[in-house]
Amino acid sequence: MTSPRLLRAALVGCGSYGAEHAKFLSACPGVQLHAVADLDPARAEQFRQAYGAGYATADVARIWADPAIDVVWICTQHHTHAPLAEAAAAAGKHFFLEKPLALTLADCDRIVAAVERSGVIASSGFKLRFFPAVVAARAFLTKPTLTVAQVIDDHWASDFWANDPVQGGGNVLSQGCHIVDTVLHLHPTGPVRVYAAGGNRHHPTRDIVDTAAITLTFADGAVANLAIGDVGVPPHTSKFALQQSDGARSFSLFNRLNSLMTRVDQQVTEHPAEVEAGAAVIDRPFLAAVAAGRPAPCTVQSARRTTAVVLAAVESIRTGRVVDLTAPPYAAAMQLP
Ligand SMILES: NC(=O)c1ccc[n+]([C@@H]2O[C@H](COP(=O)([O-])OP(=O)(O)OC[C@H]3O[C@@H](n4cnc5c(N)ncnc54)[C@H](O)[C@@H]3O)[C@@H](O)[C@H]2O)c1
């Protein structure tokens, strides 16, 4: 019997979330963290030492040119996602790209086109889909009628890069995408219509949307309300929470979506809470897909749809109008393979 081939991985972007992936990759059997890269050479060198990478570089082109590297994690600011993803795909490297896919439809289209052209296996970073409690909730209630969901964080500093309109996009695009993605993932049909209210409540020096109340309608008539903002974590539900009902059954996800309660015939079941597994919860299924040559578990097409819905919500906030997702410029992004 032959043992599975060792996968050689590289990581681009040696920052705070890159560290989560590096920690997983440095301890994962069957994977060798071959290289780490960052524009800041000191950060790259610090990662090389901390996670035992083969080499550190500030020249990202060296990663694309290195024939030993099979798969690359891209954990950088959002405006760099499209060019880095295109470079990875052109070099034939499978890649994992942190969320959101990108901040504009044009950048999302570039990424999807590069993946489709090259045939590499590419995943976006929507890890909440893989939380055991979310997986169980999705199996429990397959045709939701009504959803209420939130990601409400504590205040972000205005000079945080994620609040930069170009690099990060602000709280709604940068972090709100997580709960929009989870809500889309928990519906069997696609979204057709968005209305949103909100705006910039706490960051007057930035041209961003930091607070949003979003109403989504799905093709099967289901509706969802989402609340997003860096306005103070609600103490009872936690930062991430989501509830759904289908007319007879319901569930509540809370404790950052690590805890699940289900209700059938007025009987409530409290399921054991899961321990949050960090980046491993999505890195593991992505690696399994790469090893098996299967499509990624969180496709770039599905992540483009998520960005498109958030952009449509921002458009609705700015114009005060309902946005039709079945019409241009959003319709193409609603199509999943
Ligand atoms: N999935 C999650 O729960 C989660 C949580 C936090 C952050 N993130 C995502 O992770 C990504 C990185 O966020 P972060 O908080 O780690 O940021 P960070 O600022 O801590 O780190 C980013 C690093 O990328 C480097 N970098 C930027 N452009 C580069 C380039 N062109 N080439 C090489 N290196 C470059 C920077 O020098 C920096 O060291 C973002 O997409 C963010 O949204 C995801």
# chains A, B, ... in the order shown; residues from 1 in each chain; ligands from 1
>>> residues_near_ligand(ligand="ligand 1", cutoff="7 Å", atoms="only C-alpha atoms and all ligand atoms", output="PDB file with C-alpha atoms, in the first residue's frame")
ATOM      1  CA  VAL A  12       1.140  34.369   1.704  1.00  0.00           C
ATOM      2  CA  GLY A  13       0.260  36.985   4.333  1.00  0.00           C
ATOM      3  CA  CYS A  14       1.916  36.436   7.715  1.00  0.00           C
ATOM      4  CA  GLY A  15      -0.581  38.375   9.829  1.00  0.00           C
ATOM      5  CA  SER A  16      -3.126  37.583  12.491  1.00  0.00           C
ATOM      6  CA  TYR A  17      -5.334  35.149  10.570  1.00  0.00           C
ATOM      7  CA  GLY A  18      -2.441  33.748   8.569  1.00  0.00           C
ATOM      8  CA  ALA A  37       5.800  35.052   2.270  1.00  0.00           C
ATOM      9  CA  ASP A  38       4.933  38.563   3.335  1.00  0.00           C
ATOM     10  CA  LEU A  39       5.701  42.012   1.939  1.00  0.00           C
ATOM     11  CA  ASP A  40       7.238  42.602   5.359  1.00  0.00           C
ATOM     12  CA  ARG A  43       6.900  39.030   9.549  1.00  0.00           C
ATOM     13  CA  VAL A  60       5.879  36.544  -3.549  1.00  0.00           C
ATOM     14  CA  CYS A  75      -4.330  35.599   3.892  1.00  0.00           C
ATOM     15  CA  THR A  76      -3.908  39.237   2.891  1.00  0.00           C
ATOM     16  CA  GLN A  77      -5.882  42.488   2.689  1.00  0.00           C
ATOM     17  CA  HIS A  78      -8.981  42.241   0.488  1.00  0.00           C
ATOM     18  CA  THR A  80      -4.902  42.054  -2.971  1.00  0.00           C
ATOM     19  CA  LEU A  84      -2.774  37.083  -5.819  1.00  0.00           C
ATOM     20  CA  GLU A  98      -9.486  34.144   2.897  1.00  0.00           C
ATOM     21  CA  LYS A  99     -12.904  35.829   2.976  1.00  0.00           C
ATOM     22  CA  PRO A 100     -14.398  37.945   1.517  1.00  0.00           C
ATOM     23  CA  GLY A 125     -12.632  31.082   3.635  1.00  0.00           C
ATOM     24  CA  PHE A 126     -16.237  30.893   4.840  1.00  0.00           C
ATOM     25  CA  LYS A 127     -15.473  28.641   7.770  1.00  0.00           C
ATOM     26  CA  SER A 174     -15.429  42.659   5.604  1.00  0.00           C
TER      27      SER A 174
END
>>> select_by_dssp(residues="range 67-213 of chain A", states="strand (DSSP E or B)", output="JSON, numbers by chain")
{"A": [71, 72, 73, 74, 94, 95, 96, 97, 122, 123, 124, 146, 147, 148, 149, 150, 151, 152, 191, 192, 193, 194, 195, 196, 197, 198, 199, 211, 212, 213]}
>>> write_last_selection(atoms="N, CA and C atoms", output="compact mmCIF listing (two decimals), in the first residue's frame")
# COMPACT_ATOMS: atom_id res chain seq x y z
N VAL A 71 0.11 23.95 -3.10
CA VAL A 71 -1.10 24.64 -2.64
C VAL A 71 -0.69 25.86 -1.80
N VAL A 72 -1.43 26.95 -1.96
CA VAL A 72 -1.05 28.22 -1.32
C VAL A 72 -2.24 28.78 -0.54
N TRP A 73 -1.98 29.20 0.69
CA TRP A 73 -2.98 29.94 1.48
C TRP A 73 -2.73 31.43 1.30
N ILE A 74 -3.76 32.18 0.92
CA ILE A 74 -3.63 33.62 0.70
C ILE A 74 -4.43 34.33 1.80
N HIS A 94 -3.06 25.17 -6.49
CA HIS A 94 -4.35 25.19 -5.80
C HIS A 94 -4.25 26.27 -4.73
N PHE A 95 -5.39 26.90 -4.40
CA PHE A 95 -5.27 27.94 -3.37
C PHE A 95 -6.49 28.04 -2.48
N PHE A 96 -6.21 28.45 -1.26
CA PHE A 96 -7.23 28.81 -0.27
C PHE A 96 -7.13 30.32 -0.10
N LEU A 97 -8.25 31.01 -0.31
CA LEU A 97 -8.23 32.47 -0.26
C LEU A 97 -9.18 32.93 0.84
N ALA A 122 -9.84 25.69 -5.77
CA ALA A 122 -9.73 26.96 -5.05
C ALA A 122 -10.89 27.09 -4.08
N SER A 123 -10.56 27.48 -2.86
CA SER A 123 -11.58 27.62 -1.82
C SER A 123 -11.59 29.03 -1.28
N SER A 124 -12.77 29.52 -0.94
CA SER A 124 -12.87 30.74 -0.16
C SER A 124 -12.92 30.35 1.33
N LEU A 146 -38.40 31.40 7.54
CA LEU A 146 -38.04 32.69 8.14
C LEU A 146 -36.73 32.54 8.92
N THR A 147 -35.79 33.47 8.64
CA THR A 147 -34.47 33.44 9.28
C THR A 147 -34.18 34.79 9.93
N VAL A 148 -33.59 34.75 11.11
CA VAL A 148 -33.07 35.96 11.76
C VAL A 148 -31.60 35.68 12.08
N ALA A 149 -30.69 36.56 11.66
CA ALA A 149 -29.27 36.25 11.83
C ALA A 149 -28.48 37.53 12.09
N GLN A 150 -27.33 37.38 12.72
CA GLN A 150 -26.53 38.57 13.03
C GLN A 150 -25.03 38.24 13.09
N VAL A 151 -24.22 39.23 12.73
CA VAL A 151 -22.84 39.29 13.23
C VAL A 151 -22.69 40.71 13.76
N ILE A 152 -22.62 40.82 15.08
CA ILE A 152 -22.52 42.12 15.74
C ILE A 152 -21.27 42.08 16.62
N PRO A 191 -30.98 33.75 -3.51
CA PRO A 191 -31.65 35.00 -3.17
C PRO A 191 -32.05 35.76 -4.44
N VAL A 192 -33.20 36.45 -4.38
CA VAL A 192 -33.67 37.17 -5.58
C VAL A 192 -33.82 38.67 -5.35
N ARG A 193 -33.81 39.11 -4.07
CA ARG A 193 -34.16 40.50 -3.81
C ARG A 193 -33.55 40.92 -2.48
N VAL A 194 -33.03 42.14 -2.42
CA VAL A 194 -32.41 42.67 -1.19
C VAL A 194 -32.94 44.06 -0.93
N TYR A 195 -33.29 44.28 0.32
CA TYR A 195 -33.54 45.65 0.77
C TYR A 195 -32.73 45.85 2.05
N ALA A 196 -32.10 47.01 2.21
CA ALA A 196 -31.30 47.22 3.42
C ALA A 196 -31.36 48.68 3.85
N ALA A 197 -31.25 48.85 5.17
CA ALA A 197 -31.13 50.19 5.75
C ALA A 197 -29.88 50.19 6.62
N GLY A 198 -29.33 51.37 6.86
CA GLY A 198 -28.12 51.44 7.68
C GLY A 198 -27.24 52.56 7.17
N GLY A 199 -25.93 52.40 7.33
CA GLY A 199 -25.02 53.44 6.86
C GLY A 199 -23.75 53.45 7.68
N THR A 211 -22.91 49.64 9.44
CA THR A 211 -24.09 49.13 10.14
C THR A 211 -25.17 48.83 9.11
N ALA A 212 -25.77 47.65 9.21
CA ALA A 212 -26.79 47.30 8.21
C ALA A 212 -27.86 46.40 8.80
N ALA A 213 -29.09 46.68 8.43
CA ALA A 213 -30.22 45.76 8.66
C ALA A 213 -30.70 45.36 7.27
>>> closest_residue(among="A:Val183, A:Leu141, A:Val281, A:Ala88", to="Ala224 in chain A", atoms="only C-alpha atoms")
A:Val183
>>> residues_around(residues="Pro329 in chain A", least_positions_apart="2", cutoff="12 Å", atoms="only C-alpha atoms", output="VMD selection string")
chain A and resid 104 to 106 109 305 308 to 309 311 to 312 315 323 to 327 331 to 334
>>> residues_around(residues="Ile111 in chain A", least_positions_apart="2", cutoff="8 Å", atoms="only C-alpha atoms", output="ChimeraX atom specification")
/A:82,85-86,107-109,113-115,300
>>> write_last_selection(atoms="N, CA and C atoms", output="PDB file, in the first residue's frame")
ATOM      1  N   ALA A  82      -7.648  39.498  -5.585  1.00  0.00           N
ATOM      2  CA  ALA A  82      -7.764  39.160  -7.015  1.00  0.00           C
ATOM      3  C   ALA A  82      -6.390  38.986  -7.679  1.00  0.00           C
ATOM      4  N   ALA A  85      -4.753  35.754  -6.308  1.00  0.00           N
ATOM      5  CA  ALA A  85      -5.450  34.543  -6.773  1.00  0.00           C
ATOM      6  C   ALA A  85      -5.144  34.289  -8.246  1.00  0.00           C
ATOM      7  N   GLU A  86      -5.125  35.352  -9.040  1.00  0.00           N
ATOM      8  CA  GLU A  86      -4.798  35.178 -10.464  1.00  0.00           C
ATOM      9  C   GLU A  86      -3.383  34.629 -10.637  1.00  0.00           C
ATOM     10  N   ASP A 107     -13.491  42.277  -9.377  1.00  0.00           N
ATOM     11  CA  ASP A 107     -12.429  41.453  -8.797  1.00  0.00           C
ATOM     12  C   ASP A 107     -12.906  40.016  -8.580  1.00  0.00           C
ATOM     13  N   CYS A 108     -14.151  39.849  -8.145  1.00  0.00           N
ATOM     14  CA  CYS A 108     -14.686  38.489  -7.967  1.00  0.00           C
ATOM     15  C   CYS A 108     -14.687  37.750  -9.305  1.00  0.00           C
ATOM     16  N   ASP A 109     -15.097  38.456 -10.363  1.00  0.00           N
ATOM     17  CA  ASP A 109     -15.134  37.829 -11.695  1.00  0.00           C
ATOM     18  C   ASP A 109     -13.730  37.416 -12.146  1.00  0.00           C
ATOM     19  N   ALA A 113     -12.860  33.611 -13.035  1.00  0.00           N
ATOM     20  CA  ALA A 113     -12.350  33.327 -14.386  1.00  0.00           C
ATOM     21  C   ALA A 113     -10.993  32.640 -14.322  1.00  0.00           C
ATOM     22  N   ALA A 114     -10.138  33.104 -13.413  1.00  0.00           N
ATOM     23  CA  ALA A 114      -8.790  32.506 -13.304  1.00  0.00           C
ATOM     24  C   ALA A 114      -8.886  31.046 -12.867  1.00  0.00           C
ATOM     25  N   VAL A 115      -9.798  30.764 -11.953  1.00  0.00           N
ATOM     26  CA  VAL A 115      -9.965  29.383 -11.470  1.00  0.00           C
ATOM     27  C   VAL A 115     -10.534  28.512 -12.584  1.00  0.00           C
ATOM     28  N   VAL A 300     -15.261  29.287  -5.158  1.00  0.00           N
ATOM     29  CA  VAL A 300     -15.130  30.727  -5.409  1.00  0.00           C
ATOM     30  C   VAL A 300     -16.418  31.295  -6.023  1.00  0.00           C
TER      31      VAL A 300
END
>>> residues_around(residues="Lys239 in chain A", least_positions_apart="5", cutoff="12 Å", atoms="only C-alpha atoms", output="compact mmCIF listing (two decimals) with N, CA and C atoms, in the first residue's frame")
# COMPACT_ATOMS: atom_id res chain seq x y z
N ALA A 149 -30.69 36.56 11.66
CA ALA A 149 -29.27 36.25 11.83
C ALA A 149 -28.48 37.53 12.09
N GLN A 150 -27.33 37.38 12.72
CA GLN A 150 -26.53 38.57 13.03
C GLN A 150 -25.03 38.24 13.09
N VAL A 151 -24.22 39.23 12.73
CA VAL A 151 -22.84 39.29 13.23
C VAL A 151 -22.69 40.71 13.76
N ILE A 152 -22.62 40.82 15.08
CA ILE A 152 -22.52 42.12 15.74
C ILE A 152 -21.27 42.08 16.62
N ASP A 153 -20.29 42.87 16.23
CA ASP A 153 -18.97 42.83 16.88
C ASP A 153 -18.80 44.03 17.81
N ASP A 154 -17.74 44.01 18.59
CA ASP A 154 -17.38 45.22 19.33
C ASP A 154 -16.76 46.23 18.35
N HIS A 155 -16.64 47.46 18.84
CA HIS A 155 -16.20 48.57 18.00
C HIS A 155 -14.83 48.29 17.36
N GLN A 175 -16.78 41.77 7.43
CA GLN A 175 -17.18 40.74 8.39
C GLN A 175 -18.64 40.32 8.22
N GLY A 176 -19.48 41.27 7.77
CA GLY A 176 -20.88 40.94 7.53
C GLY A 176 -21.01 39.82 6.50
N HIS A 178 -19.61 37.10 6.43
CA HIS A 178 -19.66 35.78 7.09
C HIS A 178 -21.10 35.34 7.31
N ILE A 179 -21.93 36.26 7.84
CA ILE A 179 -23.30 35.83 8.18
C ILE A 179 -24.17 35.80 6.93
N ALA A 227 -28.72 41.38 10.81
CA ALA A 227 -28.21 42.59 11.48
C ALA A 227 -26.69 42.50 11.54
N ILE A 228 -26.02 43.58 11.10
CA ILE A 228 -24.55 43.57 11.00
C ILE A 228 -24.02 44.91 11.51
N GLY A 229 -22.96 44.88 12.29
CA GLY A 229 -22.32 46.13 12.69
C GLY A 229 -21.27 45.91 13.77
N ASP A 230 -20.36 46.86 13.90
CA ASP A 230 -19.39 46.82 15.02
C ASP A 230 -19.90 47.78 16.10
N VAL A 231 -21.04 47.40 16.66
CA VAL A 231 -21.76 48.31 17.55
C VAL A 231 -21.87 47.78 18.98
N GLY A 232 -21.21 46.65 19.28
CA GLY A 232 -21.25 46.10 20.64
C GLY A 232 -21.86 44.70 20.64
N VAL A 233 -21.05 43.71 21.04
CA VAL A 233 -21.51 42.30 21.01
C VAL A 233 -22.70 42.11 21.96
N PRO A 234 -23.81 41.56 21.49
CA PRO A 234 -24.95 41.29 22.38
C PRO A 234 -24.57 40.18 23.38
N LEU A 253 -29.06 28.93 16.71
CA LEU A 253 -27.61 28.78 16.77
C LEU A 253 -27.08 29.98 17.54
N PHE A 254 -26.25 29.75 18.55
CA PHE A 254 -25.75 30.86 19.36
C PHE A 254 -24.36 30.46 19.84
N ASN A 255 -23.80 31.22 20.84
CA ASN A 255 -22.44 30.90 21.29
C ASN A 255 -21.50 30.86 20.08
N ARG A 256 -21.53 31.93 19.27
CA ARG A 256 -20.72 32.05 18.05
C ARG A 256 -21.01 30.91 17.06
N LEU A 257 -22.23 30.43 17.04
CA LEU A 257 -22.68 29.33 16.18
C LEU A 257 -22.05 27.99 16.57
N ASN A 258 -21.57 27.90 17.81
CA ASN A 258 -21.04 26.62 18.30
C ASN A 258 -22.07 25.84 19.09
>>> residues_around(residues="Arg249 in chain A", least_positions_apart="5", cutoff="8 Å", atoms="only C-alpha atoms", output="list in words")
Leu141, Thr262, Arg263, Val264 and Asp265 of chain A
>>> atom_distance(atom1="CA of Arg304 in chain A", atom2="CA of Gly221 in chain A")
22.3 Å
>>> decode(residues="range 233-286 of chain A", atoms="C-alpha atoms", output="PDB file, in the first residue's frame")
ATOM      1  CA  VAL A 233     -21.510  42.298  21.010  1.00  0.00           C
ATOM      2  CA  PRO A 234     -24.949  41.292  22.383  1.00  0.00           C
ATOM      3  CA  PRO A 235     -24.207  39.486  25.674  1.00  0.00           C
ATOM      4  CA  HIS A 236     -26.858  36.775  25.414  1.00  0.00           C
ATOM      5  CA  THR A 237     -26.708  35.621  21.789  1.00  0.00           C
ATOM      6  CA  SER A 238     -22.973  36.401  21.236  1.00  0.00           C
ATOM      7  CA  LYS A 239     -21.352  37.970  18.168  1.00  0.00           C
ATOM      8  CA  PHE A 240     -22.725  35.370  15.734  1.00  0.00           C
ATOM      9  CA  ALA A 241     -26.292  34.079  16.074  1.00  0.00           C
ATOM     10  CA  LEU A 242     -28.862  32.616  13.701  1.00  0.00           C
ATOM     11  CA  GLN A 243     -32.372  31.224  14.063  1.00  0.00           C
ATOM     12  CA  GLN A 244     -34.661  29.592  11.530  1.00  0.00           C
ATOM     13  CA  SER A 245     -38.205  28.230  11.412  1.00  0.00           C
ATOM     14  CA  ASP A 246     -40.112  26.342   8.724  1.00  0.00           C
ATOM     15  CA  GLY A 247     -43.670  26.494  10.028  1.00  0.00           C
ATOM     16  CA  ALA A 248     -43.331  23.446  12.272  1.00  0.00           C
ATOM     17  CA  ARG A 249     -39.707  23.156  13.368  1.00  0.00           C
ATOM     18  CA  SER A 250     -37.158  25.710  14.476  1.00  0.00           C
ATOM     19  CA  PHE A 251     -33.588  26.067  15.738  1.00  0.00           C
ATOM     20  CA  SER A 252     -31.346  28.621  17.412  1.00  0.00           C
ATOM     21  CA  LEU A 253     -27.606  28.779  16.773  1.00  0.00           C
ATOM     22  CA  PHE A 254     -25.751  30.856  19.357  1.00  0.00           C
ATOM     23  CA  ASN A 255     -22.438  30.903  21.288  1.00  0.00           C
ATOM     24  CA  ARG A 256     -20.724  32.047  18.045  1.00  0.00           C
ATOM     25  CA  LEU A 257     -22.679  29.328  16.177  1.00  0.00           C
ATOM     26  CA  ASN A 258     -21.039  26.618  18.296  1.00  0.00           C
ATOM     27  CA  SER A 259     -24.256  25.792  20.198  1.00  0.00           C
ATOM     28  CA  LEU A 260     -27.532  24.519  18.773  1.00  0.00           C
ATOM     29  CA  MET A 261     -31.026  24.177  20.203  1.00  0.00           C
ATOM     30  CA  THR A 262     -33.746  22.538  18.098  1.00  0.00           C
ATOM     31  CA  ARG A 263     -37.519  22.551  18.687  1.00  0.00           C
ATOM     32  CA  VAL A 264     -40.071  20.071  17.314  1.00  0.00           C
ATOM     33  CA  ASP A 265     -43.675  19.723  18.582  1.00  0.00           C
ATOM     34  CA  GLN A 266     -42.832  22.200  21.356  1.00  0.00           C
ATOM     35  CA  GLN A 267     -40.061  19.867  22.578  1.00  0.00           C
ATOM     36  CA  VAL A 268     -36.737  21.670  22.873  1.00  0.00           C
ATOM     37  CA  THR A 269     -33.465  19.755  22.527  1.00  0.00           C
ATOM     38  CA  GLU A 270     -30.225  21.388  23.606  1.00  0.00           C
ATOM     39  CA  HIS A 271     -27.336  19.790  21.717  1.00  0.00           C
ATOM     40  CA  PRO A 272     -23.870  19.577  23.315  1.00  0.00           C
ATOM     41  CA  ALA A 273     -21.820  22.715  22.577  1.00  0.00           C
ATOM     42  CA  GLU A 274     -18.867  22.305  20.199  1.00  0.00           C
ATOM     43  CA  VAL A 275     -15.401  23.671  20.907  1.00  0.00           C
ATOM     44  CA  GLU A 276     -14.469  26.163  18.164  1.00  0.00           C
ATOM     45  CA  ALA A 277     -11.681  24.648  16.072  1.00  0.00           C
ATOM     46  CA  GLY A 278     -10.219  27.807  14.458  1.00  0.00           C
ATOM     47  CA  ALA A 279      -9.079  27.606  10.843  1.00  0.00           C
ATOM     48  CA  ALA A 280      -8.795  23.794  10.975  1.00  0.00           C
ATOM     49  CA  VAL A 281     -12.560  23.476  10.514  1.00  0.00           C
ATOM     50  CA  ILE A 282     -12.263  24.628   6.886  1.00  0.00           C
ATOM     51  CA  ASP A 283      -8.594  23.818   6.184  1.00  0.00           C
ATOM     52  CA  ARG A 284      -9.235  20.093   6.724  1.00  0.00           C
ATOM     53  CA  PRO A 285     -12.029  19.698   4.114  1.00  0.00           C
ATOM     54  CA  PHE A 286     -10.090  21.896   1.676  1.00  0.00           C
TER      55      PHE A 286
END
